[in-house]
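Pasting protein_8.txt here (compact mmCIF, C-alpha atoms):
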# COMPACT_ATOMS: atom_id res chain seq x y z
CA MET A 1240 0.00 0.00 0.00
CA LEU A 1241 2.87 2.31 0.75
CA PRO A 1242 4.12 2.51 -2.88
CA VAL A 1243 0.54 3.16 -4.01
CA ARG A 1244 0.18 6.01 -1.52
CA ARG A 1245 3.49 7.46 -2.60
CA SER A 1246 2.43 7.26 -6.23
CA PHE A 1247 -0.88 8.93 -5.41
CA VAL A 1248 0.82 11.74 -3.45
CA ALA A 1249 3.37 12.21 -6.23
CA ALA A 1250 0.61 12.40 -8.82
CA LEU A 1251 -1.34 14.87 -6.69
CA LEU A 1252 1.73 17.05 -6.28
CA CYS A 1253 2.25 17.03 -10.02
CA ILE A 1254 -1.34 18.13 -10.58
CA VAL A 1255 -1.08 20.91 -7.99
CA THR A 1256 2.24 22.06 -9.45
CA PHE A 1257 0.78 22.03 -12.95
CA VAL A 1258 -2.28 24.10 -11.90
CA ALA A 1259 -0.09 26.53 -10.00
CA ALA A 1260 2.15 26.87 -13.01
CA ILE A 1261 -0.84 27.58 -15.24
CA LEU A 1262 -2.14 30.22 -12.84
CA GLY A 1263 1.30 31.71 -12.52
CA LEU A 1264 1.72 31.70 -16.26
CA ASP A 1265 -1.62 33.47 -16.69
CA GLN A 1266 -0.54 36.15 -14.24
CA PHE A 1267 2.83 36.41 -15.97
CA ASN A 1268 1.20 36.65 -19.38
CA TRP A 1269 -1.18 39.35 -18.09
CA ARG A 1270 1.72 41.46 -16.94
CA LYS A 1271 3.87 40.60 -19.93
CA ASN A 1272 1.13 41.44 -22.42
CA THR A 1273 0.24 44.59 -20.55
CA HIS A 1274 3.83 45.76 -20.69
CA MET A 1275 3.92 44.99 -24.38
CA HIS A 1276 0.68 46.88 -25.02
CA GLU A 1277 0.80 50.61 -24.44
CA VAL A 1278 -2.18 52.06 -22.58
CA ARG A 1279 -2.74 55.60 -23.82
CA VAL A 1280 -4.65 58.19 -21.78
CA GLY A 1281 -5.59 61.68 -22.97
CA VAL A 1282 -5.04 63.98 -19.98
CA SER A 1283 -5.92 67.67 -19.70
CA LEU A 1284 -3.01 69.79 -18.55
CA THR A 1285 -4.64 71.04 -15.36
CA PRO A 1286 -4.22 70.36 -11.62
CA LEU A 1287 -7.59 68.58 -11.82
CA ALA A 1288 -5.71 65.75 -13.53
CA SER A 1289 -3.31 65.42 -10.57
CA PRO A 1290 -4.07 61.75 -9.79
CA PHE A 1291 -2.78 60.73 -13.22
CA LEU A 1292 0.28 62.96 -13.01
CA ILE A 1293 1.11 61.76 -9.49
CA ALA A 1294 0.57 58.10 -10.40
CA GLU A 1295 3.00 58.54 -13.28
CA HIS A 1296 5.56 60.30 -11.06
CA LEU A 1297 5.40 57.65 -8.33
CA GLY A 1298 5.56 54.75 -10.77
CA LEU A 1299 2.20 53.41 -9.64
CA PHE A 1300 1.11 52.38 -13.12
CA LYS A 1301 4.21 50.19 -13.48
CA GLU A 1302 3.61 48.69 -10.04
CA HIS A 1303 0.27 47.45 -11.31
CA GLY A 1304 1.68 46.00 -14.50
CA LEU A 1305 0.68 48.85 -16.79
CA LYS A 1306 2.66 50.73 -19.39
CA VAL A 1307 0.73 54.00 -19.42
CA SER A 1308 1.50 56.90 -21.72
CA LEU A 1309 -0.17 60.21 -20.90
CA PHE A 1310 -1.11 62.26 -23.95
CA PRO A 1311 -1.47 65.96 -23.02
CA CYS A 1312 -4.62 67.75 -24.22
CA ALA A 1313 -5.58 71.40 -24.15
CA SER A 1314 -9.12 70.64 -22.94
CA SER A 1315 -11.58 67.90 -21.97
CA THR A 1316 -13.14 68.13 -25.42
CA ALA A 1317 -9.76 67.62 -27.08
CA CYS A 1318 -9.01 64.59 -24.89
CA THR A 1319 -12.40 63.06 -25.68
CA GLN A 1320 -11.91 63.58 -29.40
CA LEU A 1321 -8.54 61.81 -29.19
CA MET A 1322 -10.33 58.85 -27.62
CA LEU A 1323 -13.18 58.82 -30.14
CA SER A 1324 -10.65 58.87 -32.98
CA ARG A 1325 -8.85 55.93 -31.28
CA ASP A 1326 -5.62 57.83 -30.76
CA VAL A 1327 -5.95 57.00 -27.04
CA GLU A 1328 -7.89 54.34 -25.14
CA TYR A 1329 -8.94 56.55 -22.21
CA ALA A 1330 -9.61 60.25 -21.69
CA THR A 1331 -10.11 62.65 -18.80
CA ALA A 1332 -13.19 64.84 -19.17
CA SER A 1333 -15.36 67.20 -17.18
CA GLU A 1334 -18.94 66.16 -16.54
CA SER A 1335 -20.16 68.88 -18.96
CA VAL A 1336 -18.20 67.34 -21.83
CA VAL A 1337 -19.45 63.89 -20.81
CA MET A 1338 -23.03 65.19 -20.88
CA PHE A 1339 -22.78 66.78 -24.33
CA GLN A 1340 -20.92 63.82 -25.85
CA SER A 1341 -23.53 61.40 -24.49
CA PHE A 1342 -26.13 62.95 -26.78
CA GLU A 1343 -23.94 62.12 -29.77
CA GLN A 1344 -22.09 58.95 -28.78
CA SER A 1345 -23.80 55.77 -27.62
CA ASN A 1346 -20.50 53.96 -27.11
CA LEU A 1347 -19.17 56.03 -24.20
CA ALA A 1348 -18.29 54.39 -20.89
CA LEU A 1349 -17.70 56.41 -17.70
CA LEU A 1350 -15.39 54.50 -15.37
CA VAL A 1351 -14.92 56.80 -12.40
CA SER A 1352 -14.82 60.37 -11.12
CA PHE A 1353 -11.49 61.19 -9.48
CA VAL A 1354 -11.79 64.82 -8.33
CA GLU A 1355 -14.56 67.28 -7.49
CA SER A 1356 -14.77 70.99 -6.72
CA ASP A 1357 -17.72 73.18 -5.79
CA ASN A 1358 -15.73 76.39 -6.28
CA ASP A 1359 -13.91 75.91 -9.59
CA LEU A 1360 -16.28 78.17 -11.52
CA LYS A 1361 -16.76 81.79 -10.56
CA LEU A 1362 -18.69 84.85 -11.73
CA LEU A 1363 -16.08 87.60 -11.72
CA SER A 1364 -16.28 91.37 -11.98
CA LEU A 1365 -13.87 94.26 -11.32
CA SER A 1366 -14.36 96.82 -8.58
CA PRO A 1367 -14.59 99.83 -10.98
CA SER A 1368 -17.76 98.29 -12.44
CA ASP A 1369 -19.36 98.83 -9.03
CA ILE A 1370 -21.29 95.57 -9.21
CA ASN A 1371 -21.67 93.91 -5.83
CA GLN A 1372 -24.68 91.65 -6.31
CA ILE A 1373 -26.41 89.74 -9.07
CA SER A 1374 -29.31 92.16 -9.48
CA GLN A 1375 -26.83 94.89 -10.43
CA LEU A 1376 -25.97 92.96 -13.60
CA ALA A 1377 -29.21 94.27 -15.16
CA GLY A 1378 -28.41 95.76 -18.57
CA LYS A 1379 -24.78 94.61 -18.30
CA ARG A 1380 -22.66 92.41 -20.56
CA VAL A 1381 -21.49 89.06 -19.21
CA GLY A 1382 -18.87 86.98 -21.00
CA VAL A 1383 -19.59 83.24 -21.16
CA VAL A 1384 -18.42 80.26 -23.20
CA LYS A 1385 -21.49 79.07 -25.10
CA GLY A 1386 -22.83 75.62 -24.32
CA SER A 1387 -20.26 74.92 -21.61
CA ALA A 1388 -19.94 74.74 -17.84
CA SER A 1389 -19.38 78.52 -17.99
CA GLU A 1390 -22.87 79.17 -19.35
CA PHE A 1391 -24.51 76.49 -17.20
CA TYR A 1392 -22.94 77.95 -14.05
CA PHE A 1393 -24.02 81.48 -14.93
CA ASP A 1394 -27.62 80.39 -15.52
CA SER A 1395 -27.53 78.44 -12.24
CA VAL A 1396 -26.35 81.54 -10.36
CA LEU A 1397 -29.21 83.57 -11.84
CA ILE A 1398 -31.75 80.92 -10.81
CA ALA A 1399 -30.26 80.58 -7.32
CA ASN A 1400 -30.61 84.34 -6.85
CA ASN A 1401 -34.13 84.45 -8.34
CA GLN A 1402 -32.85 86.60 -11.22
CA LYS A 1403 -33.45 84.33 -14.23
CA ALA A 1404 -35.55 87.03 -15.94
CA LEU A 1405 -32.88 89.70 -15.46
CA ASN A 1406 -32.14 91.69 -18.63
CA ILE A 1407 -28.54 90.68 -19.34
CA GLU A 1408 -26.56 90.58 -22.56
CA LYS A 1409 -24.62 87.35 -22.86
CA VAL A 1410 -21.42 87.87 -24.83
CA TYR A 1411 -20.21 84.55 -26.20
CA LEU A 1412 -16.43 84.23 -26.12
CA GLN A 1413 -13.74 81.59 -26.42
CA PRO A 1414 -12.13 80.55 -23.12
CA HIS A 1415 -8.89 82.43 -23.85
CA GLU A 1416 -10.88 85.61 -24.52
CA LEU A 1417 -12.68 85.81 -21.17
CA VAL A 1418 -10.00 87.36 -18.96
CA PRO A 1419 -8.84 89.92 -21.57
CA ALA A 1420 -12.48 90.94 -22.12
CA LEU A 1421 -12.94 91.51 -18.39
CA LEU A 1422 -9.68 93.42 -17.94
CA SER A 1423 -10.43 95.68 -20.92
CA PHE A 1424 -14.00 96.29 -19.64
CA SER A 1425 -15.46 94.88 -22.87
CA VAL A 1426 -17.76 93.01 -20.51
CA GLU A 1427 -18.74 93.80 -16.94
CA ALA A 1428 -18.44 90.21 -15.71
CA ILE A 1429 -17.30 86.78 -16.84
CA SER A 1430 -18.37 83.26 -15.89
CA ALA A 1431 -15.08 81.37 -15.87
CA TRP A 1432 -13.36 78.28 -14.53
CA GLU A 1433 -9.89 78.13 -13.04
CA PRO A 1434 -7.19 79.12 -13.64
CA MET A 1435 -8.94 82.13 -15.19
CA GLY A 1436 -9.85 83.45 -11.77
CA TYR A 1437 -6.20 83.28 -10.74
CA LYS A 1438 -5.04 84.95 -13.95
CA ALA A 1439 -7.58 87.77 -13.61
CA ASP A 1440 -6.48 88.34 -10.01
CA ILE A 1441 -2.76 88.64 -10.79
CA GLN A 1442 -3.18 90.63 -14.01
CA SER A 1443 -5.75 93.17 -12.84
CA THR A 1444 -4.77 96.40 -11.14
CA SER A 1445 -8.29 96.51 -9.65
CA GLU A 1446 -9.91 94.23 -7.10
CA VAL A 1447 -11.52 91.14 -8.64
CA LYS A 1448 -14.83 90.23 -7.02
CA ASN A 1449 -16.58 86.88 -7.14
CA LEU A 1450 -20.34 87.41 -7.50
CA GLY A 1451 -20.99 83.68 -7.78
CA THR A 1452 -22.39 81.23 -5.28
CA PRO A 1453 -20.02 78.43 -4.19
CA GLY A 1454 -21.70 75.06 -3.90
CA ILE A 1455 -24.42 75.40 -6.53
CA TYR A 1456 -22.34 73.62 -9.15
CA GLN A 1457 -20.23 70.50 -8.60
CA HIS A 1458 -17.44 70.39 -11.14
CA SER A 1459 -15.78 67.00 -11.62
CA PHE A 1460 -13.10 65.32 -13.69
CA ASN A 1461 -13.84 61.82 -14.88
CA LEU A 1462 -12.24 58.91 -16.70
CA LEU A 1463 -13.84 57.91 -19.99
CA SER A 1464 -13.37 55.06 -22.41
CA THR A 1465 -15.57 53.25 -24.90
CA GLU A 1466 -17.62 50.11 -24.43
CA THR A 1467 -16.04 48.69 -27.56
CA TYR A 1468 -12.56 48.93 -26.06
CA LEU A 1469 -13.48 47.84 -22.52
CA GLU A 1470 -15.23 44.74 -23.81
CA PHE A 1471 -11.82 43.21 -24.53
CA ALA A 1472 -9.69 45.08 -21.96
CA GLY A 1473 -9.94 42.40 -19.27
CA GLN A 1474 -8.58 43.53 -15.89
CA GLU A 1475 -6.71 46.50 -17.36
CA PRO A 1476 -9.20 49.16 -16.15
CA VAL A 1477 -9.16 47.65 -12.65
CA HIS A 1478 -5.37 47.99 -12.49
CA LEU A 1479 -5.64 51.53 -13.86
CA LEU A 1480 -8.16 52.53 -11.19
CA LYS A 1481 -6.09 50.88 -8.48
CA ALA A 1482 -3.10 53.01 -9.45
CA LEU A 1483 -5.32 56.12 -9.39
CA ASP A 1484 -6.73 55.13 -6.00
CA GLU A 1485 -3.22 54.88 -4.54
CA ALA A 1486 -2.27 58.21 -6.14
CA VAL A 1487 -5.31 59.87 -4.55
CA GLU A 1488 -4.36 58.38 -1.19
CA TRP A 1489 -0.85 59.79 -1.55
CA ILE A 1490 -2.14 63.23 -2.59
CA ASN A 1491 -4.42 63.44 0.44
CA ALA A 1492 -1.61 62.33 2.76
CA ASN A 1493 0.95 64.72 1.21
CA PRO A 1494 -0.92 67.81 -0.04
CA ASP A 1495 2.06 70.18 0.03
CA ALA A 1496 4.41 67.78 -1.75
CA ALA A 1497 1.66 66.95 -4.26
CA SER A 1498 0.99 70.59 -5.10
CA ARG A 1499 4.72 71.24 -5.61
CA LEU A 1500 5.02 68.23 -7.89
CA ILE A 1501 2.03 69.35 -9.94
CA ALA A 1502 3.37 72.90 -10.27
CA LYS A 1503 6.68 71.50 -11.55
CA ARG A 1504 5.02 68.96 -13.85
CA LEU A 1505 2.73 71.56 -15.44
CA ASN A 1506 5.41 74.27 -15.40
CA ILE A 1507 3.12 76.77 -13.68
CA PRO A 1508 3.64 78.92 -10.56
CA LEU A 1509 3.11 77.13 -7.26
CA ASN A 1510 0.79 79.98 -6.22
CA GLN A 1511 -1.45 79.15 -9.17
CA VAL A 1512 -1.79 75.56 -8.00
CA LYS A 1513 -2.36 76.57 -4.39
CA TRP A 1514 -5.01 79.11 -5.50
CA SER A 1515 -7.55 76.30 -5.97
CA TRP A 1516 -5.88 73.32 -4.28
CA GLU A 1517 -7.99 73.41 -1.13
CA ASP A 1518 -11.17 73.45 -3.23
CA TYR A 1519 -10.33 70.07 -4.76
CA VAL A 1520 -11.68 66.86 -3.26
CA PHE A 1521 -9.58 64.01 -4.60
CA ARG A 1522 -11.36 60.67 -4.36
CA LEU A 1523 -12.64 57.90 -6.57
CA SER A 1524 -16.42 57.85 -6.83
CA LEU A 1525 -19.18 56.79 -9.16
CA GLY A 1526 -22.58 57.45 -7.71
CA ASN A 1527 -25.83 59.36 -7.55
CA SER A 1528 -24.24 62.79 -7.17
CA LEU A 1529 -22.57 62.57 -10.56
CA LEU A 1530 -25.67 61.01 -12.10
CA SER A 1531 -27.90 63.83 -10.82
CA ASN A 1532 -25.43 66.44 -12.07
CA LEU A 1533 -25.42 64.93 -15.57
CA GLN A 1534 -29.22 64.77 -15.63
CA LEU A 1535 -29.57 68.38 -14.44
CA GLN A 1536 -27.15 69.70 -17.06
CA ALA A 1537 -28.84 67.64 -19.78
CA ARG A 1538 -32.24 69.18 -18.97
CA TRP A 1539 -30.64 72.62 -19.10
CA ALA A 1540 -29.00 71.87 -22.47
CA LEU A 1541 -32.31 70.68 -23.90
CA LYS A 1542 -34.17 73.73 -22.59
CA GLU A 1543 -31.57 76.10 -24.04
CA GLY A 1544 -31.70 74.35 -27.42
CA LEU A 1545 -28.05 73.32 -27.22
CA VAL A 1546 -28.95 69.69 -28.02
CA SER A 1547 -31.84 68.35 -30.03
CA LYS A 1548 -31.85 64.61 -29.42
CA GLU A 1549 -33.68 62.74 -26.68
CA GLN A 1550 -31.92 62.79 -23.31
CA PRO A 1551 -29.85 59.62 -22.86
CA ASP A 1552 -30.17 57.33 -19.87
CA PHE A 1553 -26.97 58.26 -18.05
CA ARG A 1554 -27.21 55.15 -15.87
CA GLU A 1555 -26.26 53.14 -18.93
CA LEU A 1556 -23.19 55.33 -19.32
CA PHE A 1557 -21.72 54.15 -16.02
CA PHE A 1558 -19.30 51.24 -16.48
CA THR A 1559 -19.30 50.19 -12.85
CA GLN A 1560 -17.47 46.84 -12.68
CA PRO A 1561 -13.87 48.16 -12.30
CA TYR A 1562 -14.86 50.68 -9.64
CA GLN A 1563 -16.84 48.04 -7.73
CA GLN A 1564 -13.78 45.80 -7.72
CA ILE A 1565 -11.69 48.64 -6.30
CA ILE A 1566 -14.23 49.14 -3.50
CA ALA A 1567 -14.15 45.40 -2.80
CA LEU A 1568 -10.35 45.46 -2.61
CA ARG A 1569 -10.56 48.28 -0.04
CA ASP A 1570 -12.78 46.12 2.17
So that I can check it, write out the structure of this file as structure tokens.
Amino acid sequence: MLPVRRSFVAALLCIVTFVAAILGLDQFNWRKNTHMHEVRVGVSLTPLASPFLIAEHLGLFKEHGLKVSLFPCASSTACTQLMLSRDVEYATASESVVMFQSFEQSNLALLVSFVESDNDLKLLSLSPSDINQISQLAGKRVGVVKGSASEFYFDSVLIANNQKALNIEKVYLQPHELVPALLSFSVEAISAWEPMGYKADIQSTSEVKNLGTPGIYQHSFNLLSTETYLEFAGQEPVHLLKALDEAVEWINANPDAASRLIAKRLNIPLNQVKWSWEDYVFRLSLGNSLLSNLQLQARWALKEGLVSKEQPDFRELFFTQPYQQIIALRD
């Protein structure tokens, strides 16, 4: 019986070793193939994209078996277009861009939100204009970027102050035109996102006043991909989100070091980064707050005639599996 037992044990060990080897080979192949395949992410050059920039700096993508290349974009729209044209697999985008693109693209997949701010947009005026409250904008010219978070925020401020019917001339401008228009008094106020508030403050010889209402608009930066790509991406998005999650944890534990790194990485003054840094809430999330924000902005866009198609079901936009796995790993 003893030789039989030994033979059985030897056979069992061979089976266990074989299975372990297969599992190990699968893990090796995952990492090997991932390293061979470049993961490209379109990233806006803004402190809002800090989790990606920090993850790259700390080598967190490599730690999770990813070869990530960050493609710099001038705006969320530009990043999204890179993704839609298949020049990158992922893109960072504000919720406004996500909302507008959802009316046109049925293939979008929203993986996670990684930063939020309730004070990124502001309604700015200069002290010589002698405007101290919203009602004093009657008959005035306000610079906004048409069909963007700038216009949505301005309309939200009017509604919040019960001034929706106020006689105001909207002057539609490109983002780079807003601050010069304010400083030259071509308009009496502008609805602008950062860093335009910072630039107006340092360039103006007059006091810059914020007439807006913090908290009425939740600005977020989100990670987008396409369903077509994610269908065959396997565990790649989970590893990507895990690296982001660790970057966010590091940012929150080291805010001063993080802000210095971002200033250096973006080649901008540290004071510009610190101007808005405390307004940013870095965290991974994918929930009802973002869903409600998308729905609210979509209703506004439809009412203003900025979109003509039927409002999409934004719940179908959420690609939740990778984020849910990250939450499970935390527990």
Contact residues around stretch 1469-1483 of chain A with only C-alpha atoms at 9 Å, ignoring same-chain residues under 4 positions, as a ChimeraX atom specification: /A:1269,1273,1278,1290-1291,1293-1294,1298-1305,1307,1328,1348,1350-1351,1353,1464-1465,1487-1488,1523,1560-1562,1564-1565
Given all atoms listed in the file as the counted atoms, nearest of A:Leu1421, A:Ile1455, A:Glu1466, A:Phe1339 to A:Ser1547: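 That would be A:Phe1339, the residue with the smallest distance to A:Ser1547.
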Taking only residues of stretch 1451-1522 of chain A that have an atom at most 12 Å from an atom of stretch 1367-1387 of chain A, what is each one's shortest atom pair and its distance in Å to one decimal, using only C-alpha atoms, in chain and number order, as a Markdown table?
| residue | atom | partner | partner_atom | distance |
| --- | --- | --- | --- | --- |
| A:Gly1451 | CA | A:Ile1373 | CA | 8.2 |
| A:Thr1452 | CA | A:Ile1373 | CA | 10.1 |
| A:His1458 | CA | A:Ser1387 | CA | 11.8 |
Top pick for closest residue to A:Thr1319, considering A:Val1418, A:Leu1347, A:Leu1505, A:Ala1486 and counting all atoms listed in the file: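 Smallest separation from A:Thr1319 among the options: A:Leu1347.
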Pick from A:Leu1525, A:Val1327, A:Phe1460, A:Pro1286, whichever lies nearest to A:Pro1508 using only C-alpha atoms: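 Closest residue, counting only C-alpha atoms: A:Pro1286.
Closest approach to A:Asn1527 from the set A:Ser1352, A:Asn1401, A:Ser1289, A:Ser1341 is made by A:Ser1352, with distances taken over all atoms listed in the file.
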